[in-house]
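A.B. asks: mmCIF, C-alpha atoms, saved as work-v7.cif, coming up:
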```cif
data_input
loop_
_atom_site.label_atom_id
_atom_site.label_comp_id
_atom_site.auth_asym_id
_atom_site.auth_seq_id
_atom_site.Cartn_x
_atom_site.Cartn_y
_atom_site.Cartn_z
CA MET R 1 1.64 -27.02 -37.04
CA LEU R 2 1.40 -24.61 -39.97
CA VAL R 3 -0.26 -26.02 -43.08
CA LEU R 4 -0.29 -24.41 -46.51
CA GLY R 5 -3.42 -25.39 -48.41
CA ILE R 6 -3.79 -25.19 -52.20
CA GLU R 7 -7.13 -25.59 -54.02
CA THR R 8 -7.69 -25.53 -57.82
CA SER R 9 -10.45 -28.08 -58.39
CA CYS R 10 -12.63 -25.88 -60.62
CA ASP R 11 -12.21 -22.19 -61.53
CA ASP R 12 -11.20 -20.60 -58.20
CA THR R 13 -7.48 -20.42 -57.47
CA ALA R 14 -7.08 -20.55 -53.70
CA ALA R 15 -4.33 -20.75 -51.09
CA GLY R 16 -4.45 -20.45 -47.33
CA VAL R 17 -2.43 -20.97 -44.17
CA VAL R 18 -4.01 -22.67 -41.15
CA ARG R 19 -2.48 -23.34 -37.75
CA ASP R 20 -3.23 -26.68 -36.06
CA GLY R 21 -6.17 -27.38 -38.35
CA ALA R 22 -8.41 -24.71 -36.83
CA GLU R 23 -6.92 -21.19 -36.83
CA VAL R 24 -7.04 -19.47 -40.21
CA LEU R 25 -4.05 -17.18 -40.66
CA SER R 26 -4.90 -16.36 -44.28
CA SER R 27 -7.32 -17.41 -47.01
CA VAL R 28 -6.95 -16.02 -50.51
CA VAL R 29 -9.30 -16.85 -53.39
CA SER R 30 -8.93 -15.57 -56.95
CA SER R 31 -12.22 -15.94 -58.83
CA GLN R 32 -12.66 -16.35 -62.58
CA ASP R 33 -16.39 -15.53 -62.56
CA ASN R 34 -15.96 -12.51 -64.83
CA VAL R 35 -14.09 -14.60 -67.38
CA HIS R 36 -16.55 -17.49 -67.49
CA GLY R 37 -19.65 -15.31 -67.18
CA GLN R 38 -19.64 -14.51 -70.90
CA PHE R 39 -19.94 -18.25 -71.63
CA GLY R 40 -22.65 -18.93 -69.05
CA GLY R 41 -20.53 -21.51 -67.24
CA VAL R 42 -17.02 -22.75 -66.56
CA VAL R 43 -14.91 -23.55 -69.63
CA PRO R 44 -12.32 -26.13 -68.45
CA GLU R 45 -9.49 -25.06 -70.76
CA ILE R 46 -9.88 -21.40 -69.81
CA ALA R 47 -10.07 -22.35 -66.13
CA SER R 48 -6.79 -24.26 -66.20
CA ARG R 49 -5.04 -21.41 -68.02
CA GLY R 50 -6.36 -19.01 -65.40
CA HIS R 51 -4.88 -21.15 -62.64
CA LEU R 52 -1.51 -21.08 -64.37
CA GLU R 53 -1.64 -17.30 -64.43
CA ASN R 54 -2.85 -16.88 -60.86
CA ILE R 55 -1.35 -19.55 -58.65
CA VAL R 56 2.05 -18.03 -57.92
CA GLY R 57 0.54 -14.71 -56.90
CA VAL R 58 -2.23 -16.32 -54.85
CA VAL R 59 0.19 -18.49 -52.85
CA HIS R 60 2.48 -15.50 -52.32
CA ARG R 61 -0.43 -13.42 -51.00
CA ALA R 62 -1.52 -16.22 -48.68
CA LEU R 63 1.95 -16.52 -47.17
CA GLU R 64 2.27 -12.76 -46.92
CA GLY R 65 -1.16 -12.48 -45.28
CA ALA R 66 -0.14 -15.06 -42.67
CA ALA R 67 3.16 -13.21 -42.08
CA CYS R 68 4.99 -16.43 -42.97
CA SER R 69 7.38 -17.79 -45.54
CA ILE R 70 7.27 -21.17 -47.21
CA GLY R 71 10.10 -22.18 -44.90
CA ASP R 72 7.85 -21.69 -41.88
CA MET R 73 5.39 -24.31 -43.10
CA ASP R 74 5.28 -27.81 -41.63
CA LEU R 75 3.08 -29.38 -44.29
CA ILE R 76 1.56 -28.73 -47.71
CA SER R 77 -1.99 -29.94 -48.39
CA VAL R 78 -3.40 -29.90 -51.93
CA THR R 79 -6.64 -30.92 -53.60
CA ALA R 80 -6.08 -33.98 -55.79
CA GLY R 81 -9.75 -34.39 -56.80
CA PRO R 82 -12.51 -34.62 -57.67
CA GLY R 83 -12.74 -31.79 -60.16
CA LEU R 84 -11.58 -30.63 -63.57
CA ILE R 85 -8.40 -32.54 -64.41
CA GLY R 86 -6.65 -29.61 -66.09
CA SER R 87 -7.37 -27.35 -63.13
CA LEU R 88 -6.37 -29.95 -60.56
CA LEU R 89 -3.05 -30.62 -62.30
CA VAL R 90 -2.03 -26.97 -61.98
CA GLY R 91 -2.45 -26.93 -58.20
CA LEU R 92 -1.02 -30.41 -57.74
CA SER R 93 2.02 -29.69 -59.91
CA PHE R 94 2.70 -26.46 -58.02
CA ALA R 95 2.38 -28.25 -54.67
CA LYS R 96 4.70 -31.05 -55.82
CA GLY R 97 7.30 -28.52 -56.95
CA ALA R 98 7.10 -26.62 -53.67
CA ALA R 99 7.41 -29.82 -51.65
CA PHE R 100 10.31 -31.04 -53.76
CA LEU R 101 12.24 -27.79 -53.40
CA THR R 102 11.61 -27.36 -49.66
CA GLY R 103 11.58 -30.97 -48.51
CA LEU R 104 8.19 -30.43 -46.88
CA PRO R 105 5.80 -33.37 -46.62
CA LEU R 106 2.84 -33.25 -48.99
CA VAL R 107 -0.63 -34.72 -48.47
CA PRO R 108 -3.16 -34.94 -51.34
CA VAL R 109 -6.75 -34.58 -50.13
CA ASP R 110 -10.30 -34.94 -51.42
CA HIS R 111 -12.19 -31.75 -52.29
CA VAL R 112 -15.55 -32.97 -50.97
CA GLN R 113 -14.01 -34.09 -47.70
CA GLY R 114 -12.46 -30.64 -47.53
CA HIS R 115 -15.95 -29.16 -47.40
CA LEU R 116 -16.78 -31.63 -44.63
CA ALA R 117 -13.84 -30.28 -42.62
CA THR R 118 -14.98 -26.65 -42.93
CA LEU R 119 -16.49 -26.45 -39.45
CA ASP R 120 -13.06 -27.26 -38.01
CA LEU R 121 -12.37 -23.61 -38.89
CA ALA R 122 -15.49 -22.33 -37.10
CA GLY R 123 -15.53 -23.81 -33.62
CA GLY R 124 -15.26 -27.52 -34.40
CA THR R 125 -17.16 -30.27 -36.19
CA PRO R 126 -19.75 -32.13 -34.08
CA TYR R 127 -19.94 -35.94 -34.14
CA PRO R 128 -21.98 -38.00 -34.78
CA SER R 129 -23.77 -35.94 -37.40
CA VAL R 130 -25.37 -35.89 -40.82
CA ALA R 131 -23.73 -33.58 -43.34
CA LEU R 132 -25.04 -32.19 -46.62
CA VAL R 133 -22.50 -31.05 -49.20
CA VAL R 134 -24.48 -28.94 -51.66
CA SER R 135 -22.75 -27.04 -54.47
CA GLY R 136 -22.54 -26.71 -58.23
CA GLY R 137 -20.93 -30.11 -58.57
CA HIS R 138 -22.15 -32.05 -55.55
CA THR R 139 -25.33 -32.79 -53.65
CA THR R 140 -24.48 -35.56 -51.23
CA LEU R 141 -25.55 -36.61 -47.74
CA PHE R 142 -23.00 -38.13 -45.38
CA HIS R 143 -23.19 -39.83 -42.02
CA MET R 144 -20.16 -38.87 -39.93
CA SER R 145 -19.40 -40.90 -36.81
CA SER R 146 -15.91 -39.44 -36.47
CA PRO R 147 -13.32 -37.72 -38.67
CA ASP R 148 -12.16 -41.16 -39.80
CA ASP R 149 -15.59 -42.75 -40.24
CA ILE R 150 -17.51 -40.89 -42.95
CA GLY R 151 -19.82 -42.56 -45.45
CA ILE R 152 -22.28 -41.52 -48.16
CA ILE R 153 -25.95 -42.13 -47.33
CA GLY R 154 -27.50 -40.38 -50.33
CA THR R 155 -26.53 -38.44 -53.43
CA THR R 156 -27.97 -36.91 -56.58
CA LEU R 157 -28.93 -39.20 -59.43
CA ASP R 158 -28.41 -36.46 -62.03
CA ASP R 159 -27.84 -32.72 -61.56
CA ALA R 160 -26.40 -31.21 -58.41
CA ALA R 161 -28.59 -28.57 -56.75
CA GLY R 162 -26.16 -25.78 -57.59
CA GLU R 163 -25.98 -26.95 -61.20
CA ALA R 164 -29.78 -26.85 -61.43
CA LEU R 165 -29.81 -23.31 -60.04
CA ASP R 166 -27.14 -22.25 -62.53
CA LYS R 167 -29.13 -23.70 -65.45
CA ALA R 168 -32.36 -22.11 -64.26
CA ALA R 169 -30.62 -18.73 -64.05
CA LYS R 170 -29.32 -19.17 -67.60
CA MET R 171 -32.84 -19.98 -68.86
CA LEU R 172 -34.18 -16.87 -67.11
CA GLY R 173 -31.39 -14.65 -68.45
CA LEU R 174 -30.10 -13.82 -64.97
CA GLY R 175 -26.39 -14.27 -65.65
CA TYR R 176 -23.55 -16.23 -64.07
CA PRO R 177 -22.90 -17.48 -61.42
CA GLY R 178 -26.50 -18.60 -61.39
CA GLY R 179 -27.05 -19.49 -57.74
CA PRO R 180 -26.44 -15.98 -56.36
CA ALA R 181 -28.37 -14.51 -59.32
CA ILE R 182 -31.41 -16.69 -58.55
CA GLU R 183 -31.19 -15.73 -54.88
CA THR R 184 -31.10 -12.01 -55.69
CA ALA R 185 -34.02 -12.21 -58.11
CA SER R 186 -36.03 -14.31 -55.65
CA ARG R 187 -36.14 -11.56 -53.03
CA ASP R 188 -38.87 -9.72 -54.97
CA GLY R 189 -40.72 -12.84 -56.10
CA ASP R 190 -43.56 -15.03 -54.89
CA PRO R 191 -42.32 -18.61 -54.31
CA ALA R 192 -45.88 -19.94 -54.64
CA SER R 193 -46.53 -18.35 -58.04
CA LEU R 194 -45.53 -21.39 -60.12
CA GLN R 195 -46.19 -24.97 -59.04
CA LEU R 196 -43.08 -27.00 -59.77
CA PRO R 197 -42.40 -30.67 -58.98
CA ARG R 198 -40.38 -31.87 -55.99
CA PRO R 199 -38.58 -34.86 -57.56
CA LEU R 200 -38.09 -38.01 -55.44
CA SER R 201 -40.25 -36.48 -52.74
CA GLY R 202 -40.33 -38.41 -49.46
CA THR R 203 -37.76 -39.69 -46.98
CA ASP R 204 -37.96 -43.42 -47.67
CA ARG R 205 -34.87 -42.92 -49.81
CA LEU R 206 -32.20 -40.25 -49.53
CA GLU R 207 -31.27 -39.75 -53.19
CA PHE R 208 -31.84 -36.42 -54.95
CA SER R 209 -32.92 -35.59 -58.49
CA PHE R 210 -33.08 -32.12 -60.00
CA SER R 211 -33.18 -32.72 -63.76
CA GLY R 212 -36.98 -33.05 -63.78
CA LEU R 213 -37.34 -29.78 -61.91
CA LYS R 214 -35.12 -28.06 -64.46
CA THR R 215 -37.12 -29.62 -67.30
CA ALA R 216 -40.40 -28.41 -65.77
CA LEU R 217 -39.15 -24.82 -65.81
CA PHE R 218 -37.84 -25.22 -69.36
CA THR R 219 -41.22 -26.61 -70.49
CA TYR R 220 -43.13 -23.75 -68.87
CA LEU R 221 -40.90 -21.13 -70.46
CA GLY R 222 -41.12 -22.80 -73.85
CA ARG R 223 -44.90 -23.03 -73.67
CA HIS R 224 -45.08 -19.26 -73.25
CA GLY R 225 -42.51 -18.46 -75.92
CA TYR R 226 -39.92 -17.21 -73.44
CA LEU R 227 -37.18 -19.34 -74.94
CA ASP R 228 -37.55 -18.26 -78.57
CA THR R 229 -34.46 -16.80 -80.15
CA THR R 230 -36.09 -13.51 -81.11
CA GLY R 231 -37.50 -12.81 -77.67
CA GLU R 232 -40.86 -11.80 -79.16
CA GLY R 233 -42.78 -14.21 -76.95
CA ARG R 234 -41.34 -12.98 -73.68
CA ALA R 235 -43.99 -10.31 -73.29
CA ARG R 236 -46.62 -13.07 -73.08
CA LEU R 237 -45.07 -14.62 -69.96
CA PRO R 238 -47.71 -14.28 -67.20
CA LEU R 239 -45.21 -14.40 -64.33
CA SER R 240 -42.26 -12.14 -63.59
CA THR R 241 -38.70 -13.36 -63.64
CA SER R 242 -38.57 -12.78 -59.88
CA ASP R 243 -41.61 -15.01 -59.37
CA LEU R 244 -40.08 -17.76 -61.47
CA ALA R 245 -36.73 -17.51 -59.69
CA ALA R 246 -38.43 -17.60 -56.29
CA SER R 247 -40.55 -20.62 -57.26
CA PHE R 248 -37.55 -22.54 -58.57
CA GLN R 249 -35.40 -21.71 -55.53
CA GLN R 250 -38.23 -22.75 -53.21
CA ALA R 251 -38.55 -26.12 -54.93
CA VAL R 252 -34.80 -26.79 -54.54
CA ILE R 253 -34.86 -25.78 -50.87
CA ASP R 254 -37.94 -27.93 -50.16
CA VAL R 255 -36.16 -31.01 -51.50
CA LEU R 256 -32.93 -30.31 -49.60
CA VAL R 257 -34.73 -29.69 -46.31
CA GLU R 258 -36.96 -32.75 -46.61
CA LYS R 259 -34.05 -35.10 -47.32
CA CYS R 260 -31.97 -33.65 -44.48
CA ILE R 261 -34.80 -34.11 -41.98
CA GLY R 262 -35.19 -37.70 -43.15
CA ALA R 263 -31.46 -38.40 -42.82
CA VAL R 264 -31.25 -36.94 -39.32
CA ARG R 265 -34.20 -39.02 -38.16
CA LEU R 266 -33.08 -42.23 -39.83
CA HIS R 267 -29.59 -42.01 -38.35
CA ARG R 268 -30.76 -40.67 -34.98
CA VAL R 269 -28.25 -37.84 -34.69
CA ASN R 270 -28.62 -34.43 -33.09
CA HIS R 271 -26.48 -32.45 -35.51
CA LEU R 272 -26.92 -31.48 -39.16
CA ILE R 273 -24.04 -29.82 -41.03
CA VAL R 274 -24.66 -27.96 -44.31
CA VAL R 275 -21.62 -26.99 -46.39
CA GLY R 276 -20.73 -26.13 -49.99
CA GLY R 277 -21.43 -23.16 -52.22
CA VAL R 278 -25.23 -23.39 -52.04
CA ALA R 279 -24.96 -23.26 -48.23
CA ARG R 280 -24.37 -19.51 -48.65
CA ASN R 281 -27.99 -19.10 -49.76
CA ALA R 282 -29.76 -17.01 -47.11
CA ALA R 283 -33.18 -18.57 -47.72
CA LEU R 284 -31.76 -22.08 -47.30
CA ARG R 285 -29.94 -21.09 -44.10
CA GLU R 286 -33.05 -19.50 -42.60
CA ARG R 287 -35.35 -22.39 -43.53
CA MET R 288 -32.98 -25.16 -42.44
CA SER R 289 -32.22 -23.42 -39.12
CA ARG R 290 -35.94 -22.94 -38.40
CA VAL R 291 -36.72 -26.57 -39.19
CA GLY R 292 -33.89 -27.67 -36.91
CA VAL R 293 -35.39 -25.76 -34.00
CA GLU R 294 -38.85 -27.15 -34.73
CA SER R 295 -37.58 -30.72 -35.08
CA GLY R 296 -35.14 -30.72 -32.17
CA PHE R 297 -31.72 -30.93 -33.81
CA GLU R 298 -28.90 -28.43 -34.21
CA VAL R 299 -28.05 -27.07 -37.65
CA HIS R 300 -24.52 -25.90 -38.34
CA PHE R 301 -23.41 -23.69 -41.24
CA PRO R 302 -19.85 -22.43 -41.78
CA PRO R 303 -19.35 -18.69 -42.32
CA PRO R 304 -20.41 -17.79 -45.89
CA SER R 305 -16.82 -17.10 -46.93
CA TYR R 306 -15.92 -20.74 -46.22
CA CYS R 307 -18.91 -22.22 -48.07
CA THR R 308 -17.50 -21.71 -51.54
CA ASP R 309 -14.24 -23.30 -52.66
CA ASN R 310 -11.31 -22.19 -50.52
CA ALA R 311 -7.92 -23.49 -49.45
CA ALA R 312 -8.36 -23.00 -45.70
CA MET R 313 -10.63 -26.06 -45.63
CA ILE R 314 -8.00 -27.99 -47.63
CA ALA R 315 -5.38 -27.04 -45.07
CA ALA R 316 -7.70 -28.11 -42.24
CA LEU R 317 -8.25 -31.48 -43.89
CA GLY R 318 -4.52 -31.81 -44.50
CA PHE R 319 -3.93 -31.35 -40.78
CA ARG R 320 -6.41 -34.15 -40.07
CA LYS R 321 -4.58 -36.40 -42.54
CA ARG R 322 -1.05 -35.32 -41.63
CA ALA R 323 -0.09 -38.93 -40.78
CA GLU R 324 -0.60 -39.79 -44.46
CA ALA R 325 1.78 -37.09 -45.70
CA GLY R 326 5.08 -38.02 -47.24
CA THR R 327 8.04 -36.77 -49.22
CA GLU R 328 7.67 -39.41 -51.97
CA ILE R 329 5.46 -37.22 -54.09
CA MET R 330 6.03 -38.06 -57.74
CA ASP R 331 3.40 -40.83 -57.86
CA ILE R 332 0.56 -38.61 -56.61
CA ASN R 333 -2.06 -38.19 -59.33
CA ALA R 334 -5.14 -36.03 -59.83
CA TYR R 335 -8.56 -37.63 -60.33
CA SER R 336 -11.75 -36.21 -61.78
CA THR R 337 -14.15 -38.47 -59.87
CA LYS R 338 -13.80 -40.73 -56.89
CA ALA R 339 -16.32 -43.06 -55.31
CA LEU R 340 -16.37 -42.51 -51.56
CA LYS R 341 -17.66 -45.41 -49.51
CA ARG R 342 -21.33 -45.84 -48.77
CA GLY R 343 -22.28 -45.31 -45.16
CA LYS R 344 -23.81 -47.94 -42.93
CA GLY R 345 -27.31 -47.88 -41.53
CA PRO R 346 -30.84 -47.08 -42.68
CA GLY R 347 -31.60 -45.14 -45.82
CA ASN R 348 -28.63 -46.44 -47.79
CA ARG R 349 -29.15 -48.01 -51.21
CA ASP R 350 -26.25 -49.44 -53.16
#
```
In structure tokens, how does this file's structure come out?

C.D. replies:
Amino acid sequence: MLVLGIETSCDDTAAGVVRDGAEVLSSVVSSQDNVHGQFGGVVPEIASRGHLENIVGVVHRALEGAACSIGDMDLISVTAGPGLIGSLLVGLSFAKGAAFLTGLPLVPVDHVQGHLATLDLAGGTPYPSVALVVSGGHTTLFHMSSPDDIGIIGTTLDDAAGEALDKAAKMLGLGYPGGPAIETASRDGDPASLQLPRPLSGTDRLEFSFSGLKTALFTYLGRHGYLDTTGEGRARLPLSTSDLAASFQQAVIDVLVEKCIGAVRLHRVNHLIVVGGVARNAALRERMSRVGVESGFEVHFPPPSYCTDNAAMIAALGFRKRAEAGTEIMDINAYSTKALKRGKGPGNRD
């Protein structure tokens, strides 16, 4: 079965073709980072306009890269949410039009569950397992008994980890996107140079919180005049930007690793999956893999190119959910947020 996936949940316009839910024939992503960089973050209206400009060309390149035509497809899979409504509507409207014209069945899928299907594209997803989706918009732990039995066991109470990294990078003047900028600056820094809090430390509960960590950095910078509008106080900062970036990144990684270890132990599984944009971070990958070896469980990361938003994962999830596809497409709607079910077992707090 050939599935065309379409993803426009935020600012990346993506399309891909996947065979039988596992073999990637093409994956095309058009980024708007250069556009949004001047604003220090994604501007929803600009993002949706960018999708309108890019989607036809991106889908064409995906089909061309797979040496296929739209007529060769068996199914169209599209992200319906969660995400920015304006952005989602561009991809969903395009997918509806393509399905209407071709008669192909269409299945709307969940963006977060798309990330959870990423390992289908890299050798297969192990079950049962604990999975961490960590990105600019999500920091959530799942218990996965099977592809059809997935439940939340912990999530962030405020900022996502990637959002906190983006905001820290903005405070430090490192540019956008912030996560990769923090990672680059951290390579020359000392992660022990600034003592920052580890919010909600401990494994008795699996929720995350990163707003206090962000505030601690903001307070430190303000105390030393780094945040003044003239920049005159920046020379008084006793630590380098690299040291501050490394300290902040280390604090985020410490929290993520601790909560993942707790979730694996509480749910007595042998596999931990880490997906989402922050899963590209080399320091996180190295630390989490080392802890897995030391603690006796396997840690699985997708290839870096499949960590960030892409349509191959949406096609893979569409293949999983092919029984839900239909040709009655006009009532399909986009959604900005959606409450997935809470998982069963220890560590869950409603």

A.B. asks: Find the spatial neighbours of range 202-216 of chain R, counting only C-alpha atoms, within a cut-off of 6 Å - ignore same-chain residues fewer than 3 positions away - and output them as a PDB file with C-alpha atoms, in the coordinates of the input.

C.D. replies:
```
ATOM      1  CA  GLY R 154     -27.500 -40.380 -50.330  1.00  0.00           C
ATOM      2  CA  THR R 155     -26.530 -38.440 -53.430  1.00  0.00           C
ATOM      3  CA  THR R 156     -27.970 -36.910 -56.580  1.00  0.00           C
ATOM      4  CA  LEU R 157     -28.930 -39.200 -59.430  1.00  0.00           C
ATOM      5  CA  ASP R 158     -28.410 -36.460 -62.030  1.00  0.00           C
ATOM      6  CA  ASP R 159     -27.840 -32.720 -61.560  1.00  0.00           C
ATOM      7  CA  PRO R 197     -42.400 -30.670 -58.980  1.00  0.00           C
ATOM      8  CA  PRO R 199     -38.580 -34.860 -57.560  1.00  0.00           C
ATOM      9  CA  THR R 219     -41.220 -26.610 -70.490  1.00  0.00           C
ATOM     10  CA  LYS R 259     -34.050 -35.100 -47.320  1.00  0.00           C
ATOM     11  CA  GLY R 262     -35.190 -37.700 -43.150  1.00  0.00           C
ATOM     12  CA  GLY R 347     -31.600 -45.140 -45.820  1.00  0.00           C
TER      13      GLY R 347
END
```

A.B. asks: Let me have the centre and edge lengths of the axis-aligned box enclosing all listed atoms of range 258-273 of chain R with 5 Å padding on every side, in Å to one decimal, as lines of an AutoDock Vina configuration file.

C.D. replies:
```
center_x = -30.5
center_y = -36.0
center_z = -40.2
size_x = 22.9
size_y = 22.4
size_z = 24.2
```

A.B. asks: Which residues are close to Val130 in chain R, i.e. within 8 Å by only C-alpha atoms, leaving aside same-chain residues fewer than 2 positions away? Reply as a list of chain:residue names.

C.D. replies: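 Within the cut-off, the hits are R:Pro128, R:Leu132, R:Leu141, R:Phe142, R:His143, R:Met144, R:Cys260, R:Ala263, R:Val264, R:His267, R:Val269, R:His271, R:Leu272, R:Ile273.
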
A.B. asks: List the spatial neighbours of Val278 in chain R as a list in words - criterion: any atom at most 7 Å away, only C-alpha atoms, same-chain residues fewer than 2 positions off excluded.

C.D. replies: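 In the requested form, the answer reads Val134, Ser135, Gly162, Gly276, Arg280 and Asn281 of chain R.
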
A.B. asks: Which polymer residues have any atom within 10 Å of an atom of Gln249 in chain R, counting only C-alpha atoms, with same-chain residues fewer than 4 positions away left out, as a PyMOL selection string?

C.D. replies: chain R and resi 161+164-165+168+179+182-183+185-186+191+243-245+253-254+281+283-284

A.B. asks: Will you model N, CA and C atoms for range 110-125 of chain R and pass it back as a PDB file, in the frame of the given file?

C.D. replies:
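Output (out_0.pdb):
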```pdb
ATOM      1  N   ASP R 110      -9.081 -34.910 -50.637  1.00  0.00           N
ATOM      2  CA  ASP R 110     -10.300 -34.940 -51.420  1.00  0.00           C
ATOM      3  C   ASP R 110     -11.071 -33.636 -51.229  1.00  0.00           C
ATOM      4  N   HIS R 111     -11.498 -33.036 -52.337  1.00  0.00           N
ATOM      5  CA  HIS R 111     -12.190 -31.750 -52.290  1.00  0.00           C
ATOM      6  C   HIS R 111     -13.485 -31.809 -51.486  1.00  0.00           C
ATOM      7  N   VAL R 112     -14.271 -32.857 -51.679  1.00  0.00           N
ATOM      8  CA  VAL R 112     -15.550 -32.970 -50.970  1.00  0.00           C
ATOM      9  C   VAL R 112     -15.320 -33.132 -49.481  1.00  0.00           C
ATOM     10  N   GLN R 113     -14.342 -33.950 -49.118  1.00  0.00           N
ATOM     11  CA  GLN R 113     -14.010 -34.090 -47.700  1.00  0.00           C
ATOM     12  C   GLN R 113     -13.475 -32.791 -47.125  1.00  0.00           C
ATOM     13  N   GLY R 114     -12.874 -31.963 -47.981  1.00  0.00           N
ATOM     14  CA  GLY R 114     -12.460 -30.640 -47.530  1.00  0.00           C
ATOM     15  C   GLY R 114     -13.641 -29.823 -47.061  1.00  0.00           C
ATOM     16  N   HIS R 115     -14.739 -29.851 -47.836  1.00  0.00           N
ATOM     17  CA  HIS R 115     -15.950 -29.160 -47.400  1.00  0.00           C
ATOM     18  C   HIS R 115     -16.447 -29.702 -46.059  1.00  0.00           C
ATOM     19  N   LEU R 116     -16.326 -31.016 -45.867  1.00  0.00           N
ATOM     20  CA  LEU R 116     -16.780 -31.630 -44.630  1.00  0.00           C
ATOM     21  C   LEU R 116     -15.923 -31.226 -43.434  1.00  0.00           C
ATOM     22  N   ALA R 117     -14.725 -30.727 -43.695  1.00  0.00           N
ATOM     23  CA  ALA R 117     -13.840 -30.280 -42.620  1.00  0.00           C
ATOM     24  C   ALA R 117     -13.986 -28.788 -42.327  1.00  0.00           C
ATOM     25  N   THR R 118     -14.896 -28.106 -43.035  1.00  0.00           N
ATOM     26  CA  THR R 118     -14.980 -26.650 -42.930  1.00  0.00           C
ATOM     27  C   THR R 118     -15.292 -26.171 -41.526  1.00  0.00           C
ATOM     28  N   LEU R 119     -16.136 -26.898 -40.806  1.00  0.00           N
ATOM     29  CA  LEU R 119     -16.490 -26.450 -39.450  1.00  0.00           C
ATOM     30  C   LEU R 119     -15.335 -26.556 -38.471  1.00  0.00           C
ATOM     31  N   ASP R 120     -14.277 -27.283 -38.835  1.00  0.00           N
ATOM     32  CA  ASP R 120     -13.060 -27.260 -38.010  1.00  0.00           C
ATOM     33  C   ASP R 120     -12.546 -25.836 -37.870  1.00  0.00           C
ATOM     34  N   LEU R 121     -12.841 -24.993 -38.871  1.00  0.00           N
ATOM     35  CA  LEU R 121     -12.370 -23.610 -38.890  1.00  0.00           C
ATOM     36  C   LEU R 121     -13.328 -22.659 -38.170  1.00  0.00           C
ATOM     37  N   ALA R 122     -14.455 -23.188 -37.699  1.00  0.00           N
ATOM     38  CA  ALA R 122     -15.490 -22.330 -37.100  1.00  0.00           C
ATOM     39  C   ALA R 122     -16.027 -22.937 -35.811  1.00  0.00           C
ATOM     40  N   GLY R 123     -15.124 -23.328 -34.939  1.00  0.00           N
ATOM     41  CA  GLY R 123     -15.530 -23.810 -33.620  1.00  0.00           C
ATOM     42  C   GLY R 123     -15.501 -25.303 -33.447  1.00  0.00           C
ATOM     43  N   GLY R 124     -15.348 -26.068 -34.520  1.00  0.00           N
ATOM     44  CA  GLY R 124     -15.260 -27.520 -34.400  1.00  0.00           C
ATOM     45  C   GLY R 124     -16.423 -28.236 -35.053  1.00  0.00           C
ATOM     46  N   THR R 125     -16.160 -29.455 -35.510  1.00  0.00           N
ATOM     47  CA  THR R 125     -17.160 -30.270 -36.190  1.00  0.00           C
ATOM     48  C   THR R 125     -17.781 -31.242 -35.186  1.00  0.00           C
TER      49      THR R 125
END
```
